[in-house]
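K.L.:
Quick one: structure below, then a few questions.
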Amino acid sequence: DYGVYADQDYLAEAWACWWVYPRKWIPQLREKAPDLRSARRILDLGNGVGWTTAMLRQLWPDADVAGTNVAGSDQWKLCEAIARIYRFRMVEELEPADLVVASEYFEHFLRPLDELKRVLEQSRPRWLVVANAFTQPDAVGHFSTYEIGAEEVPGHAVGRRFSAYLKENGYT
C-alpha cells in the first residue's frame, strides 16, 4: 500500500529526507561531475517537497527541469507552488532526460530493479545520479526486504544488485 505518500503527515518525512541528504550533495553536482554541466533536460524522481528540483533548476538555469511525485498528493501541491517560483515543471509520467536524479527514490519500491528498468527505458538518461538507502527499513515507505525477480532480498544486499545492474547497462 503506497497510501502513506498521500498522507499529509508524510510532508514532515519528505522535508526531513531533503534536509539530511540532497540538501548537502545536490549543490556539489556540477563541481564534482563537470560532464553534467551540459545537461539540458533534467528529471528529478520522487522530488519530495520540491527543494531538490528547485536546487537543480538553480544549478542549471538554462535547462528544462522537471520533477515527479505522487499526483494529487499534498507533496505534489507543495511542489507545484515551489515550481511556480523556481520555474520547473511537475510531470506525472517519466520523460526523456539527459540527467535523471533519484535521491531517496528507489527504496520506496518493493521491486526497485523493476522500477530502475522502467526509468532507464522511458527516460533514457545519459547520466543517472542515484542516492539510495535500502538499509533503513524503519524509514517511512521503505521495506525490510525487497523483491528482485522471484527472490526476496534483504535491504543490505539490494544496493550491490542495483549497482551491478547499472554497470551491466553502461553506467558507472
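Scheme for the C-alpha cells: letters A, B, ... for chains in order shown; per-chain residue numbers from 1; ligand numbers from 1 in order shown.
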Need the shell around region 93-102 of chain A: protein/DNA/RNA residues with any atom at most 9 Å away, counting only C-alpha atoms. Skip same-chain ones fewer than 6 positions apart. Format as a list in words?
P.N.:
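Listed by chain and then number, they are Leu36, Ser38, Ala39, Arg40, Arg41, Ile42, Leu43, Asp44, Leu45, Gly46, Asn47, Thr68, Arg118, Val119, Gln122, Ser123, Arg124, Pro125, Arg126, Trp127, Leu128, Val129, Val130, Ala131 and Asn132 of chain A.
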K.L.:
Residues at most 6 Å from Ala54 (chain A), counting only C-alpha atoms, excluding those fewer than 3 positions away in the same chain, as an NGL selection string?
P.N.:
:A and (51 or 57 or 86)
K.L.:
Take the residues from that selection and write them out as an mmCIF file, in the first residue's frame, keeping N, CA and C atoms.
P.N.:
```cif
data_model
loop_
_atom_site.group_PDB
_atom_site.id
_atom_site.type_symbol
_atom_site.label_atom_id
_atom_site.label_comp_id
_atom_site.auth_asym_id
_atom_site.auth_seq_id
_atom_site.Cartn_x
_atom_site.Cartn_y
_atom_site.Cartn_z
ATOM 1 N N TRP A 51 12.268 20.873 -3.105
ATOM 2 C CA TRP A 51 13.502 21.663 -2.963
ATOM 3 C C TRP A 51 14.663 21.094 -3.775
ATOM 4 N N ARG A 57 17.256 23.357 -10.644
ATOM 5 C CA ARG A 57 16.902 24.477 -11.544
ATOM 6 C C ARG A 57 17.881 25.631 -11.365
ATOM 7 N N TYR A 86 10.332 28.742 -8.754
ATOM 8 C CA TYR A 86 11.648 28.369 -9.278
ATOM 9 C C TYR A 86 11.640 27.950 -10.749
#
```
K.L.:
Could you state the separation of CA of Ile82 (chain A) and CA of Gly50 (chain A) in Å, given to one decimal place?
P.N.:
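Those two atoms sit 6.4 Å apart.
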K.L.:
List every residue of region 71-131 of chain A that DSSP, applied to the backbone of this structure, places in strand (DSSP E), and write the result as number ranges by chain.
P.N.:
A: 89-90, 99-103, 127-131
K.L.:
Select, from A:Trp76, A:Trp60, A:Tyr21, A:Tyr171, the residue with the minimum atom-to-atom distance to Gln8 (chain A), counting only C-alpha atoms.
P.N.:
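Between A:Trp76, A:Trp60, A:Tyr21, A:Tyr171, the residue approaching Gln8 (chain A) most closely is A:Trp76.
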K.L.:
Pick the closest to Ser144 (chain A) from A:Phe162, A:Phe109, A:Tyr2, A:Phe88: which is it, counting only C-alpha atoms?
P.N.:
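Comparing A:Phe162, A:Phe109, A:Tyr2, A:Phe88 against Ser144 (chain A), the winner is A:Phe109.
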K.L.:
To one decimal place in Å, what is the distance between CA of Ala63 (chain A) and CA of Arg89 (chain A)?
P.N.:
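These atoms are spaced 11.2 Å apart.
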K.L.:
Here is a test: counting only C-alpha atoms, which residue of A:Val4, A:Glu107, A:Glu151, A:Asn169 is nearest to Glu121 (chain A)?
P.N.:
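Among the listed residues, the smallest separation from Glu121 (chain A) belongs to A:Asn169.
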K.L.:
If you count only C-alpha atoms, which residues fall within 10 Å of region 166-168 of chain A, apart from same-chain ones fewer than 3 positions away, as a PyMOL selection string?
P.N.:
chain A and resi 113+116-117+120+128+160-163+171-172
K.L.:
Pick out each residue of chain A that DSSP on the backbone tags as helix (DSSP H, G or I); I need them as a PyMOL selection string.
P.N.:
chain A and resi 3-6+10-20+22-32+34-38+51-59+74-86+106-108+112-123+155-168
K.L.:
Filtering to C-alpha atoms, could you give me those residues as a short mmCIF file (atom, residue, chain, number, x, y, z; two decimals), in the first residue's frame?
P.N.:
```cif
data_model
loop_
_atom_site.label_atom_id
_atom_site.label_comp_id
_atom_site.auth_asym_id
_atom_site.auth_seq_id
_atom_site.Cartn_x
_atom_site.Cartn_y
_atom_site.Cartn_z
CA GLY A 3 -1.13 5.33 0.56
CA VAL A 4 1.40 6.72 3.05
CA TYR A 5 2.53 9.23 0.41
CA ALA A 6 -0.95 10.72 0.23
CA TYR A 10 4.32 12.43 5.14
CA LEU A 11 5.31 16.02 4.32
CA ALA A 12 7.41 16.04 7.51
CA GLU A 13 9.21 12.87 6.39
CA ALA A 14 9.85 14.30 2.92
CA TRP A 15 11.21 17.52 4.43
CA ALA A 16 13.48 15.57 6.81
CA CYS A 17 14.83 13.45 3.94
CA TRP A 18 15.66 16.59 1.95
CA TRP A 19 17.27 18.27 4.96
CA VAL A 20 19.52 15.30 5.79
CA PRO A 22 20.21 16.01 -1.03
CA ARG A 23 20.39 19.49 0.50
CA LYS A 24 24.05 18.74 1.13
CA TRP A 25 25.13 16.93 -2.04
CA ILE A 26 22.99 18.41 -4.83
CA PRO A 27 24.90 21.74 -4.80
CA GLN A 28 28.16 19.84 -5.41
CA LEU A 29 26.99 18.01 -8.55
CA ARG A 30 28.25 20.49 -11.13
CA GLU A 31 31.65 20.78 -9.49
CA LYS A 32 32.24 17.10 -8.73
CA PRO A 34 31.80 18.55 -14.69
CA ASP A 35 30.36 16.47 -17.56
CA LEU A 36 26.91 17.03 -16.09
CA ARG A 37 27.15 20.73 -16.92
CA SER A 38 25.98 20.01 -20.45
CA TRP A 51 13.50 21.66 -2.96
CA THR A 52 15.82 19.25 -4.79
CA THR A 53 14.18 20.22 -8.07
CA ALA A 54 14.45 23.91 -7.18
CA MET A 55 18.16 23.43 -6.46
CA LEU A 56 18.65 21.61 -9.77
CA ARG A 57 16.90 24.48 -11.54
CA GLN A 58 19.23 26.98 -9.89
CA LEU A 59 22.32 24.94 -10.82
CA ASP A 74 -0.01 17.23 -0.62
CA GLN A 75 3.60 16.79 -1.74
CA TRP A 76 2.52 17.39 -5.34
CA LYS A 77 0.58 20.52 -4.37
CA LEU A 78 3.55 21.91 -2.45
CA CYS A 79 5.86 21.10 -5.36
CA GLU A 80 3.54 22.93 -7.76
CA ALA A 81 3.73 26.06 -5.59
CA ILE A 82 7.54 25.85 -5.44
CA ALA A 83 7.67 25.13 -9.19
CA ARG A 84 5.93 28.43 -9.94
CA ILE A 85 8.61 30.30 -8.00
CA TYR A 86 11.65 28.37 -9.28
CA PHE A 106 14.19 3.56 -5.47
CA GLU A 107 13.96 2.25 -1.90
CA HIS A 108 10.27 3.22 -1.93
CA PRO A 112 13.39 -1.47 -7.10
CA LEU A 113 15.15 -3.14 -10.05
CA ASP A 114 11.88 -3.23 -11.98
CA GLU A 115 11.49 0.49 -11.31
CA LEU A 116 15.10 1.13 -12.36
CA LYS A 117 14.49 -0.72 -15.63
CA ARG A 118 11.37 1.37 -16.23
CA VAL A 119 13.27 4.60 -15.56
CA LEU A 120 16.11 3.66 -17.93
CA GLU A 121 13.72 2.55 -20.68
CA GLN A 122 11.44 5.56 -20.50
CA SER A 123 13.88 8.36 -19.66
CA GLY A 155 17.92 -4.32 2.07
CA HIS A 156 21.67 -4.54 2.64
CA ALA A 157 22.01 -6.80 -0.43
CA VAL A 158 19.87 -4.71 -2.77
CA GLY A 159 22.45 -1.98 -3.28
CA ARG A 160 25.00 -4.42 -4.69
CA ARG A 161 22.48 -5.84 -7.14
CA PHE A 162 21.32 -2.39 -8.05
CA SER A 163 24.89 -1.26 -8.76
CA ALA A 164 25.64 -4.43 -10.75
CA TYR A 165 22.61 -3.82 -12.96
CA LEU A 166 23.70 -0.23 -13.60
CA LYS A 167 27.22 -1.35 -14.53
CA GLU A 168 25.82 -4.01 -16.86
#
```
K.L.:
Suppose you want the space between CA of Val70 (chain A) and CA of Glu92 (chain A); what is it in Å?
P.N.:
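Result for CA of Val70 (chain A) versus CA of Glu92 (chain A): 7.7 Å, one decimal.
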